[in-house]
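Below is the file work-v1.txt, which contains compact mmCIF, C-alpha atoms.
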```txt
# COMPACT_ATOMS: atom_id res chain seq x y z
CA MET S 13 -8.12 14.95 24.34
CA TYR S 14 -6.25 13.04 21.64
CA GLY S 15 -2.62 12.02 21.43
CA LEU S 16 -0.41 11.17 18.47
CA ILE S 17 2.57 9.01 19.40
CA ASP S 18 5.25 8.61 16.75
CA CYS S 19 8.49 6.62 16.66
CA ASN S 20 11.46 8.90 15.99
CA ASN S 21 13.29 8.02 12.76
CA PHE S 22 11.74 4.58 13.11
CA TYR S 23 13.71 2.51 10.56
CA ALA S 24 17.03 4.01 11.69
CA SER S 25 16.06 3.53 15.34
CA CYS S 26 15.31 -0.17 14.71
CA GLU S 27 18.81 -0.64 13.31
CA ARG S 28 20.33 1.11 16.35
CA VAL S 29 18.50 -1.02 18.91
CA PHE S 30 20.61 -4.05 18.01
CA ASN S 31 23.78 -2.14 17.17
CA PRO S 32 24.43 0.56 19.79
CA SER S 33 27.66 1.55 18.05
CA LEU S 34 25.39 3.34 15.54
CA ASN S 35 24.12 5.76 18.19
CA ASP S 36 24.71 9.39 17.16
CA LYS S 37 26.05 8.15 13.79
CA PRO S 38 24.47 8.96 10.39
CA ILE S 39 22.18 6.19 9.06
CA VAL S 40 20.11 5.84 5.90
CA VAL S 41 17.75 3.06 4.86
CA LEU S 42 17.15 2.27 1.19
CA SER S 43 14.00 1.30 -0.69
CA ASN S 44 13.32 -2.03 -2.41
CA ASN S 45 16.27 -3.26 -4.49
CA ASP S 46 18.47 -0.72 -2.68
CA GLY S 47 17.17 1.97 -5.00
CA CYS S 48 16.81 5.25 -3.10
CA VAL S 49 16.78 6.75 0.39
CA ILE S 50 13.49 6.26 2.29
CA ALA S 51 14.63 6.87 5.88
CA ARG S 52 17.33 8.97 7.53
CA SER S 53 18.63 9.57 11.02
CA ASN S 54 18.93 13.17 12.23
CA GLU S 55 22.66 13.01 11.59
CA SER S 56 22.08 12.09 7.94
CA LYS S 57 19.57 14.91 7.57
CA ALA S 58 22.19 17.30 8.92
CA LEU S 59 24.58 16.13 6.19
CA GLY S 60 22.04 17.25 3.58
CA ILE S 61 20.96 13.78 2.43
CA LYS S 62 17.49 14.15 0.92
CA MET S 63 14.57 11.72 0.92
CA GLY S 64 14.15 9.88 -2.37
CA VAL S 65 17.67 10.50 -3.66
CA PRO S 66 19.12 7.48 -5.55
CA ALA S 67 21.62 5.48 -3.53
CA TYR S 68 24.44 5.94 -6.04
CA GLN S 69 24.21 9.72 -5.67
CA ILE S 70 25.10 9.63 -1.96
CA LYS S 71 28.08 7.31 -2.39
CA ASP S 72 30.71 10.05 -1.99
CA ILE S 73 29.09 11.73 1.00
CA ALA S 74 28.53 8.34 2.64
CA GLU S 75 32.21 7.43 2.32
CA LYS S 76 33.37 10.86 3.51
CA HIS S 77 31.18 10.93 6.63
CA ASN S 78 31.05 7.17 7.34
CA VAL S 79 27.30 6.91 6.79
CA SER S 80 25.86 3.48 7.62
CA ILE S 81 23.58 2.31 4.80
CA PHE S 82 21.00 -0.46 5.17
CA SER S 83 18.61 -2.33 2.91
CA SER S 84 14.97 -2.22 4.05
CA ASN S 85 14.46 -4.91 6.70
CA TYR S 86 10.65 -4.91 6.77
CA THR S 87 10.52 -8.13 8.82
CA LEU S 88 12.46 -6.45 11.62
CA TYR S 89 10.58 -3.15 11.35
CA GLY S 90 7.19 -4.87 11.37
CA ASP S 91 8.02 -6.92 14.45
CA MET S 92 9.42 -3.91 16.33
CA SER S 93 6.28 -1.96 15.42
CA SER S 94 4.12 -4.71 16.93
CA ARG S 95 6.14 -4.57 20.14
CA VAL S 96 5.83 -0.79 20.37
CA MET S 97 2.07 -0.82 19.72
CA SER S 98 1.44 -3.61 22.24
CA ILE S 99 3.16 -1.64 25.00
CA ILE S 100 1.15 1.48 24.17
CA ALA S 101 -2.12 -0.49 24.05
CA GLU S 102 -1.47 -1.95 27.52
CA ASN S 103 -1.25 1.53 29.05
CA VAL S 104 -3.92 3.69 27.37
CA PRO S 105 -7.75 3.55 27.26
CA GLU S 106 -8.06 3.41 23.45
CA LEU S 107 -5.56 3.09 20.62
CA GLU S 108 -5.81 3.58 16.86
CA ILE S 109 -2.80 2.32 14.91
CA TYR S 110 -2.35 4.82 12.07
CA SER S 111 0.82 3.50 10.42
CA ILE S 112 3.81 1.28 11.13
CA ASP S 113 5.29 3.93 13.44
CA GLU S 114 2.32 6.12 14.46
CA ALA S 115 -0.78 5.70 16.61
CA PHE S 116 -3.55 7.90 17.95
CA ILE S 117 -4.50 7.71 21.64
CA ASN S 118 -7.83 8.66 23.20
CA PHE S 119 -7.17 10.26 26.61
CA GLU S 120 -10.86 10.68 27.46
CA GLY S 121 -11.45 10.27 31.19
CA ILE S 122 -7.77 10.52 32.15
CA GLN S 123 -7.12 12.94 35.04
CA ASP S 124 -3.37 13.56 34.63
CA ILE S 125 -2.75 13.29 30.88
CA ILE S 126 0.83 14.56 31.00
CA LYS S 127 1.78 11.99 33.63
CA LEU S 128 0.27 9.10 31.67
CA GLY S 129 1.73 10.34 28.38
CA SER S 130 5.23 10.66 29.85
CA GLU S 131 4.92 7.19 31.38
CA VAL S 132 3.94 5.65 28.02
CA VAL S 133 6.90 7.33 26.30
CA ARG S 134 9.23 6.02 29.00
CA LYS S 135 7.85 2.47 28.91
CA VAL S 136 8.11 2.19 25.12
CA TYR S 137 11.74 3.28 25.16
CA LYS S 138 12.58 1.00 28.10
CA GLY S 139 10.77 -1.98 26.58
CA THR S 140 11.93 -1.69 22.97
CA GLY S 141 14.78 0.82 22.76
CA ILE S 142 12.75 2.86 20.27
CA PRO S 143 12.49 6.59 21.15
CA VAL S 144 8.99 8.03 20.67
CA SER S 145 7.40 11.47 20.83
CA LEU S 146 3.86 12.32 21.91
CA GLY S 147 1.67 15.26 20.91
CA ILE S 148 -1.57 15.92 22.81
CA ALA S 149 -4.43 18.25 21.87
CA HIS S 150 -8.22 18.56 21.60
CA THR S 151 -8.27 17.25 18.00
CA LYS S 152 -6.30 14.71 15.98
CA THR S 153 -4.94 17.36 13.61
CA LEU S 154 -3.69 19.53 16.47
CA ALA S 155 -2.21 16.42 18.12
CA LYS S 156 -0.21 15.87 14.92
CA LEU S 157 1.06 19.43 15.19
CA ALA S 158 1.94 18.99 18.86
CA ASN S 159 3.89 15.85 17.97
CA LYS S 160 6.11 17.82 15.60
CA PHE S 161 7.01 20.23 18.41
CA ALA S 162 7.65 17.33 20.81
CA LYS S 163 10.18 15.97 18.30
CA LYS S 164 11.79 19.29 17.45
CA TYR S 165 12.31 20.85 20.88
CA THR S 166 14.13 18.87 23.58
CA ALA S 167 12.66 21.06 26.34
CA TYR S 168 9.34 19.22 25.93
CA LYS S 169 11.04 15.94 26.91
CA ARG S 170 9.19 14.22 24.03
CA VAL S 171 5.72 15.19 25.26
CA CYS S 172 4.01 18.37 24.02
CA ILE S 173 0.44 19.34 24.91
CA ILE S 174 -1.69 22.03 23.26
CA ASP S 175 -4.41 22.56 25.83
CA THR S 176 -5.11 26.29 25.65
CA ASP S 177 -6.20 28.64 22.88
CA GLU S 178 -2.99 30.62 23.34
CA LYS S 179 -0.84 27.54 22.74
CA ARG S 180 -2.99 26.56 19.76
CA ILE S 181 -2.60 29.93 18.02
CA LYS S 182 1.14 30.04 18.66
CA ALA S 183 1.58 26.52 17.26
CA LEU S 184 -0.47 27.39 14.16
CA GLN S 185 1.58 30.54 13.56
CA LEU S 186 4.80 28.49 13.67
CA THR S 187 3.52 25.82 11.26
CA LYS S 188 3.63 26.12 7.46
CA ILE S 189 0.35 25.22 5.81
CA GLY S 190 2.05 22.48 3.79
CA ASP S 191 3.07 20.74 7.01
CA VAL S 192 -0.51 20.32 8.20
CA TRP S 193 -1.90 16.77 8.21
CA GLY S 194 -4.44 16.46 5.38
CA ILE S 195 -3.19 19.43 3.30
CA GLY S 196 -1.59 18.23 0.06
CA ARG S 197 0.63 20.01 -2.46
CA ARG S 198 -2.23 21.01 -4.76
CA GLN S 199 -4.17 22.51 -1.86
CA THR S 200 -1.03 24.25 -0.61
CA ARG S 201 -0.61 25.99 -3.98
CA LYS S 202 -4.29 26.97 -4.04
CA LEU S 203 -4.08 28.39 -0.53
CA ALA S 204 -0.88 30.28 -1.35
CA GLN S 205 -2.85 32.19 -3.99
CA GLN S 206 -5.10 33.36 -1.13
CA GLY S 207 -2.09 34.53 0.88
CA VAL S 208 -2.18 31.53 3.20
CA ILE S 209 1.35 30.74 4.37
CA THR S 210 0.83 29.35 7.86
CA ALA S 211 -1.74 27.08 9.47
CA TYR S 212 -2.98 30.12 11.37
CA ASP S 213 -3.62 31.98 8.10
CA PHE S 214 -5.76 29.03 7.01
CA THR S 215 -7.96 29.25 10.12
CA LEU S 216 -8.68 32.92 9.32
CA LEU S 217 -10.37 32.01 6.03
CA SER S 218 -14.15 31.89 6.06
CA GLN S 219 -15.82 28.51 6.38
CA ALA S 220 -17.87 29.31 3.27
CA TRP S 221 -14.69 29.75 1.17
CA VAL S 222 -13.15 26.54 2.54
CA ARG S 223 -16.34 24.57 1.89
CA LYS S 224 -16.55 25.88 -1.69
CA ASN S 225 -12.91 25.53 -2.71
CA MET S 226 -11.69 22.50 -0.75
CA THR S 227 -12.91 18.98 -0.14
CA VAL S 228 -14.98 17.84 2.82
CA VAL S 229 -11.73 16.68 4.40
CA GLY S 230 -10.32 20.18 3.89
CA GLU S 231 -13.24 21.73 5.75
CA ARG S 232 -12.87 19.23 8.57
CA THR S 233 -9.17 20.03 8.80
CA TRP S 234 -10.05 23.74 9.03
CA LYS S 235 -12.42 22.98 11.91
CA GLU S 236 -9.89 20.74 13.65
CA LEU S 237 -7.25 23.48 13.55
CA ARG S 238 -9.78 25.76 15.23
CA GLY S 239 -10.21 23.21 18.02
CA VAL S 240 -13.39 21.45 16.85
CA ALA S 241 -12.92 17.66 16.75
CA CYS S 242 -14.17 16.12 13.48
CA PHE S 243 -12.11 12.93 13.18
CA ASP S 244 -13.13 10.19 15.61
CA MET S 245 -11.03 7.26 16.77
CA GLU S 246 -11.02 4.19 14.53
CA SER S 247 -10.19 1.23 16.75
CA ALA S 248 -10.31 -1.18 13.80
CA PRO S 249 -8.91 -0.21 10.37
CA PRO S 250 -11.46 -0.35 7.55
CA ALA S 251 -11.28 -3.41 5.32
CA LYS S 252 -9.40 -2.85 2.07
CA LYS S 253 -11.37 -2.87 -1.17
CA GLN S 254 -8.30 -4.08 -3.06
CA ILE S 255 -5.12 -5.87 -2.01
CA CYS S 256 -2.00 -5.48 -4.14
CA THR S 257 1.34 -7.25 -3.80
CA SER S 258 4.11 -6.49 -6.27
CA ARG S 259 7.88 -6.17 -6.32
CA SER S 260 10.55 -5.07 -8.72
CA PHE S 261 13.21 -7.69 -9.34
CA GLY S 262 16.80 -7.27 -8.22
CA LYS S 263 17.76 -8.20 -11.78
CA MET S 264 15.58 -8.54 -14.87
CA ILE S 265 13.95 -11.93 -15.55
CA ASP S 266 13.18 -13.37 -18.98
CA ASP S 267 11.94 -16.92 -18.29
CA TYR S 268 8.45 -18.08 -17.40
CA ASP S 269 9.43 -20.35 -14.49
CA ASN S 270 10.89 -17.55 -12.40
CA LEU S 271 8.01 -15.21 -13.24
CA SER S 272 5.53 -17.89 -12.18
CA GLU S 273 7.32 -18.30 -8.83
CA ALA S 274 7.02 -14.55 -8.22
CA ILE S 275 3.35 -14.46 -9.22
CA ALA S 276 2.57 -17.47 -7.00
CA THR S 277 4.31 -15.82 -4.05
CA HIS S 278 2.48 -12.51 -4.54
CA ALA S 279 -0.85 -14.32 -4.92
CA ALA S 280 -0.22 -16.28 -1.71
CA THR S 281 0.59 -13.05 0.14
CA CYS S 282 -2.63 -11.46 -1.12
CA ALA S 283 -4.63 -14.50 0.02
CA ARG S 284 -3.11 -14.32 3.51
CA LYS S 285 -3.91 -10.61 3.81
CA LEU S 286 -7.43 -11.31 2.53
CA ARG S 287 -8.03 -13.86 5.29
CA GLN S 288 -6.67 -11.47 7.89
CA GLN S 289 -9.49 -9.05 7.11
CA LYS S 290 -11.98 -11.95 6.86
CA GLY S 291 -12.74 -11.20 3.23
CA TYR S 292 -13.44 -13.11 0.03
CA ALA S 293 -12.38 -12.07 -3.46
CA SER S 294 -14.30 -12.52 -6.70
CA SER S 295 -11.42 -11.73 -9.08
CA LEU S 296 -7.77 -10.86 -9.38
CA LEU S 297 -5.61 -8.91 -11.79
CA VAL S 298 -2.16 -10.09 -12.85
CA PHE S 299 0.29 -7.65 -14.44
CA ILE S 300 3.83 -7.87 -15.81
CA HIS S 301 6.05 -5.23 -17.37
CA THR S 302 9.58 -4.58 -18.53
CA ASN S 303 11.93 -1.82 -17.40
CA GLY S 304 10.67 1.41 -18.98
CA VAL S 305 13.96 3.15 -18.20
CA ARG S 306 15.90 0.76 -20.44
CA VAL S 307 15.11 2.34 -23.80
CA ASP S 308 17.71 0.05 -25.36
CA LEU S 309 15.49 -2.98 -24.70
CA PRO S 310 12.13 -3.96 -26.24
CA GLN S 311 9.20 -2.94 -24.02
CA TYR S 312 6.09 -4.87 -23.02
CA TRP S 313 3.27 -4.12 -20.56
CA LYS S 314 0.29 -6.39 -20.07
CA ASN S 315 -2.35 -7.25 -17.49
CA THR S 316 -5.39 -9.51 -17.35
CA LEU S 317 -8.42 -9.85 -15.07
CA VAL S 318 -9.32 -13.37 -13.91
CA LYS S 319 -12.77 -14.07 -12.47
CA PHE S 320 -13.26 -16.74 -9.79
CA PRO S 321 -16.23 -19.11 -10.11
CA ILE S 322 -16.95 -18.53 -6.39
CA PRO S 323 -15.61 -15.78 -4.06
CA THR S 324 -12.65 -17.26 -2.20
CA CYS S 325 -9.79 -16.57 0.20
CA ASP S 326 -8.12 -19.95 -0.36
CA THR S 327 -4.40 -19.67 -1.13
CA LEU S 328 -4.31 -22.74 -3.37
CA GLU S 329 -7.24 -21.48 -5.43
CA ILE S 330 -5.98 -17.92 -5.73
CA VAL S 331 -2.48 -19.06 -6.74
CA HIS S 332 -4.03 -21.39 -9.34
CA TYR S 333 -5.99 -18.59 -11.03
CA ALA S 334 -3.09 -16.15 -10.79
CA LEU S 335 -0.89 -18.57 -12.73
CA LEU S 336 -3.65 -19.01 -15.32
CA GLY S 337 -3.61 -15.24 -15.75
CA LEU S 338 0.16 -15.20 -16.17
CA LYS S 339 -0.07 -17.84 -18.93
CA GLN S 340 -2.47 -15.58 -20.83
CA ILE S 341 -0.16 -12.55 -20.89
CA PHE S 342 3.39 -13.93 -20.79
CA MET S 343 5.48 -13.32 -23.92
CA ASN S 344 8.93 -14.68 -24.67
CA GLY S 345 11.73 -12.38 -25.76
CA TYR S 346 11.36 -9.69 -23.07
CA GLN S 347 13.32 -8.81 -19.94
CA TYR S 348 10.78 -8.33 -17.16
CA LYS S 349 11.43 -5.95 -14.27
CA LYS S 350 8.21 -6.14 -12.22
CA VAL S 351 5.17 -8.36 -11.75
CA GLY S 352 2.25 -8.15 -9.38
CA VAL S 353 -1.14 -9.45 -8.26
CA ILE S 354 -4.14 -7.32 -7.27
CA ILE S 355 -7.06 -8.94 -5.45
CA THR S 356 -10.32 -7.18 -6.40
CA GLU S 357 -14.06 -7.26 -5.73
CA ILE S 358 -13.65 -8.06 -2.04
CA THR S 359 -16.72 -9.01 -0.01
CA ASN S 360 -17.29 -10.37 3.50
CA THR S 361 -19.34 -13.37 2.38
CA SER S 362 -18.98 -16.21 -0.11
CA GLN S 363 -21.98 -17.58 -2.02
CA LEU S 364 -21.52 -21.29 -2.77
CA GLY S 365 -22.10 -22.56 -6.29
CA LEU S 366 -24.49 -25.30 -7.35
CA PHE S 367 -21.81 -27.22 -9.25
CA ASP S 368 -18.90 -26.54 -6.87
CA GLU S 369 -17.27 -29.87 -6.00
CA MET S 370 -14.60 -28.55 -3.62
CA ASP S 371 -14.86 -29.40 0.08
CA ARG S 372 -14.62 -25.79 1.17
CA GLU S 373 -15.03 -26.45 4.88
CA LYS S 374 -12.01 -28.75 4.76
CA ARG S 375 -10.00 -26.18 2.80
CA GLU S 376 -10.91 -23.43 5.29
CA ARG S 377 -9.63 -25.59 8.13
CA LEU S 378 -6.44 -26.18 6.14
CA MET S 379 -5.93 -22.42 5.64
CA GLU S 380 -6.55 -21.79 9.35
CA THR S 381 -3.90 -24.36 10.23
CA VAL S 382 -1.39 -22.90 7.76
CA ASP S 383 -1.97 -19.36 9.09
CA ARG S 384 -1.59 -20.53 12.67
CA ILE S 385 1.72 -22.32 11.97
CA ASN S 386 3.12 -19.47 9.88
CA GLY S 387 2.00 -16.98 12.50
CA LYS S 388 4.14 -18.71 15.12
CA HIS S 389 7.14 -19.73 13.04
CA GLY S 390 7.30 -17.28 10.12
CA GLN S 391 6.41 -18.29 6.56
CA LEU S 392 7.30 -21.92 7.15
CA LEU S 393 4.56 -23.42 4.96
CA LYS S 394 4.03 -22.32 1.38
CA VAL S 395 2.74 -23.55 -1.96
CA ALA S 396 5.28 -25.50 -4.01
CA ALA S 397 4.68 -23.17 -6.97
CA GLN S 398 6.31 -20.36 -4.96
CA GLY S 399 9.73 -21.99 -5.32
CA ASN S 400 12.70 -20.56 -3.44
CA GLY S 401 12.81 -17.15 -5.12
CA CYS S 402 16.58 -17.20 -5.40
CA LYS S 403 16.64 -15.65 -8.89
CA TRP S 404 13.86 -13.06 -8.61
CA LYS S 405 14.10 -11.90 -5.00
CA LEU S 406 14.76 -8.29 -4.06
CA LYS S 407 18.26 -6.89 -4.14
CA GLN S 408 19.15 -6.49 -0.44
CA GLU S 409 22.92 -6.39 -0.29
CA LEU S 410 23.00 -4.31 2.91
CA LEU S 411 20.35 -6.17 4.91
CA SER S 412 20.73 -6.36 8.69
CA GLN S 413 19.81 -9.50 10.62
CA HIS S 414 16.30 -10.55 11.62
CA PHE S 415 17.16 -10.17 15.29
CA THR S 416 13.66 -10.70 16.68
CA THR S 417 12.07 -13.18 14.27
CA ASN S 418 14.80 -15.72 13.42
CA TYR S 419 16.36 -17.59 16.32
CA LYS S 420 19.45 -18.28 14.18
CA GLU S 421 20.09 -14.53 13.99
CA VAL S 422 19.55 -13.66 17.66
CA ILE S 423 22.44 -11.62 19.04
CA SER S 424 25.08 -13.62 20.90
CA ILE S 425 26.51 -11.95 24.02
CA ASN S 426 30.00 -12.71 25.31
CA CYS S 427 29.68 -13.01 29.08
CA LYS S 428 33.22 -14.18 29.80
CA PRO S 429 34.70 -12.52 32.93
CA LYS S 430 37.68 -10.28 32.47
```

Can you dump the structure from the file as structure tokens?
Amino acid sequence: MYGLIDCNNFYASCERVFNPSLNDKPIVVLSNNDGCVIARSNESKALGIKMGVPAYQIKDIAEKHNVSIFSSNYTLYGDMSSRVMSIIAENVPELEIYSIDEAFINFEGIQDIIKLGSEVVRKVYKGTGIPVSLGIAHTKTLAKLANKFAKKYTAYKRVCIIDTDEKRIKALQLTKIGDVWGIGRRQTRKLAQQGVITAYDFTLLSQAWVRKNMTVVGERTWKELRGVACFDMESAPPAKKQICTSRSFGKMIDDYDNLSEAIATHAATCARKLRQQKGYASSLLVFIHTNGVRVDLPQYWKNTLVKFPIPTCDTLEIVHYALLGLKQIFMNGYQYKKVGVIITEITNTSQLGLFDEMDREKRERLMETVDRINGKHGQLLKVAAQGNGCKWKLKQELLSQHFTTNYKEVISINCKPK
């Protein structure tokens, strides 16, 4: 049996943990640069606020219904996610972290699955304040379905199990095909032409038709909905073949110095992520572009690929070559809106060069030390070329505090007696 545990309205729930006055109040969280809605509480959904709508379009409804609006606080959300996942991992046999707010659980060998599942849900809420829901079934895809019912219907008390064929068929009949994990919009339209409206309709198609007209993943999804497990647990996420870090600026930038600070910061982030997966990169791509929406301004898009002499994961080296790439493509006279760095050609080994004069063992020890210090104290150490980012940082005018990662922003409690 598999379980899918999911944090309810995760970003909004994180904001509520440290501000209980927001309980039962409408909340929305905005994307980078406070652009559009990317998360909503149930109360905001009930007001008709849609995902992806630009922030300025909800201004009137937010004022009318006292909607609390927040900038994305990814530092807080990431730390809260780690706390949630660590509690789950301590209480289950095997865990696969699927996203920042979702994880699969392997219940193989567990006698009383409902009891353990309910206990995990209780412990996560008690330990973090984040409400979670758990769906349990014979396959991952059915567990995803069960999770939706655990969220939707309070009678399940946040734990729904599909353990009989009768429950499976009923759940499939109540689920639109477009809501099935692994079925995209294009496949939904194709299936609609075959009269497939629900997940149950999909399971009635012949395997031959599914194999011919859908991908291998589509056929596996068909089997999973019929109760045949095809997707195994993945305890360790696969290593990325590319690593990209990019951000849009809060305001447009036209000078090289600020662009170079942004590129250096993105390159350093890529290098850190590369070391986390124990990889080495042979090249990187640097790109810059203006704001395509501003038709009143001259436009410019450019990128360049920079090859490394030796595969590396060294921050200093990667930042150096990223800045060389920026020098090749930077042009004066333009207002730039976004820049980014993409690490490419990732391998798990590094072949030394005959004429390489760098003491790479010493540099590896340096990177290990930097990662260890930053891991304990936040991004305390950085390359000087990264600057302070004060002119190119994201627009985050509605950012909440970093309650769990910055001791200066820890909540103060007034314990004075009455």

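Residues in contact with Asn44 (chain S) at 8 Å, where all atoms listed in the file are counted and same-chain residues fewer than 6 positions away are skipped, are listed as Ser83, Ser84, Arg259, Ser260, Leu406, Lys407 and Gln408 of chain S.
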
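Near Ser258 (chain S), within 9 Å and counting only C-alpha atoms, sit S:Ala274, S:Ile275, S:His278, S:Lys350, S:Val351, S:Gly352, S:Val353, S:Ile354, not including residues fewer than 3 positions from it in the same chain.
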
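Closest approach to Cys242 (chain S) among S:Asn103, S:Ser53, S:Thr153, S:Thr87 is made by S:Thr153 (distances from only C-alpha atoms).
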
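Relative to CA of Val208 (chain S), CA of Lys62 (chain S) is found at 26.3 Å.
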
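Interatomic distance, CA of Cys48 (chain S) against CA of Trp404 (chain S): 19.3 Å.
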
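Between His301 (chain S) and the candidates S:Lys349, S:Arg375, S:Arg384, S:Lys152, the tightest atom-to-atom separation, counting all atoms listed in the file, involves S:Lys349.
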
query = To one decimal place, how far is CA of Leu186 (chain S) from CA of Met245 (chain S) in Å?
reply = 26.7 Å

How close does region 109-224 of chain S get to region 13-31 of chain S? List, as a tab-separated table, each residue of region 109-224 of chain S within 8 Å, its nearest atom pair and the distance in Å to one decimal, counting all atoms listed in the file.
```
residue	atom	partner	partner_atom	distance
S:Asp113	CA	S:Cys19	CA	5.3
S:Glu114	CA	S:Asp18	CA	4.5
S:Ala115	CA	S:Ile17	CA	5.5
S:Phe116	CA	S:Leu16	CA	4.6
S:Ile117	CA	S:Gly15	CA	4.7
S:Asn118	CA	S:Tyr14	CA	4.9
S:Phe119	CA	S:Met13	CA	5.3
S:Glu120	CA	S:Met13	CA	6.0
S:Thr140	CA	S:Val29	CA	7.8
S:Gly141	CA	S:Val29	CA	5.7
S:Ile142	CA	S:Ser25	CA	6.0
S:Pro143	CA	S:Asn20	CA	5.7
S:Val144	CA	S:Cys19	CA	4.3
S:Ser145	CA	S:Asp18	CA	5.4
S:Leu146	CA	S:Ile17	CA	4.3
S:Gly147	CA	S:Leu16	CA	5.2
S:Ile148	CA	S:Gly15	CA	4.3
S:Ala149	CA	S:Tyr14	CA	5.5
S:His150	CA	S:Met13	CA	4.5
S:Thr151	CA	S:Tyr14	CA	5.9
S:Lys152	CA	S:Tyr14	CA	5.9
S:Ala155	CA	S:Gly15	CA	5.5
S:Lys156	CA	S:Leu16	CA	5.9
S:Asn159	CA	S:Leu16	CA	6.4
S:Lys163	CA	S:Asn20	CA	7.5
```

Residue selection dump (C-alpha atoms) as a short mmCIF file (atom, residue, chain, number, x, y, z; two decimals), in the coordinates of the input:
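The file below, out02.cif, is the result:
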```cif
data_model
loop_
_atom_site.label_atom_id
_atom_site.label_comp_id
_atom_site.auth_asym_id
_atom_site.auth_seq_id
_atom_site.Cartn_x
_atom_site.Cartn_y
_atom_site.Cartn_z
CA ASP S 113 5.29 3.93 13.44
CA GLU S 114 2.32 6.12 14.46
CA ALA S 115 -0.78 5.70 16.61
CA PHE S 116 -3.55 7.90 17.95
CA ILE S 117 -4.50 7.71 21.64
CA ASN S 118 -7.83 8.66 23.20
CA PHE S 119 -7.17 10.26 26.61
CA GLU S 120 -10.86 10.68 27.46
CA THR S 140 11.93 -1.69 22.97
CA GLY S 141 14.78 0.82 22.76
CA ILE S 142 12.75 2.86 20.27
CA PRO S 143 12.49 6.59 21.15
CA VAL S 144 8.99 8.03 20.67
CA SER S 145 7.40 11.47 20.83
CA LEU S 146 3.86 12.32 21.91
CA GLY S 147 1.67 15.26 20.91
CA ILE S 148 -1.57 15.92 22.81
CA ALA S 149 -4.43 18.25 21.87
CA HIS S 150 -8.22 18.56 21.60
CA THR S 151 -8.27 17.25 18.00
CA LYS S 152 -6.30 14.71 15.98
CA ALA S 155 -2.21 16.42 18.12
CA LYS S 156 -0.21 15.87 14.92
CA ASN S 159 3.89 15.85 17.97
CA LYS S 163 10.18 15.97 18.30
#
```

inquiry  = From the options S:Ser80, S:Thr324, S:Ser111, S:Ser98, which residue's atoms come nearest to Lys135 (chain S), counting only C-alpha atoms?
reply    = S:Ser98

ask   = Can you list, as an MDAnalysis selection string, every protein, DNA or RNA residue that comes within 12 Å of region 302-317 of chain S when you count all atoms listed in the file, leaving out same-chain residues fewer than 3 positions away?
value = chainID S and resid 260:266 271 294:299 320 333:357

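Counting only C-alpha atoms, region 34-38 of chain S has the following residues at most 9 Å away, ignoring those fewer than 6 positions along the same chain: Ser25, Glu27, Arg28, Arg52, Ser53, Asn54, Glu55, Ser56, Lys57, Ala58, Leu59, Ala74, His77, Asn78, Val79, Ser80 and Ile81 of chain S.
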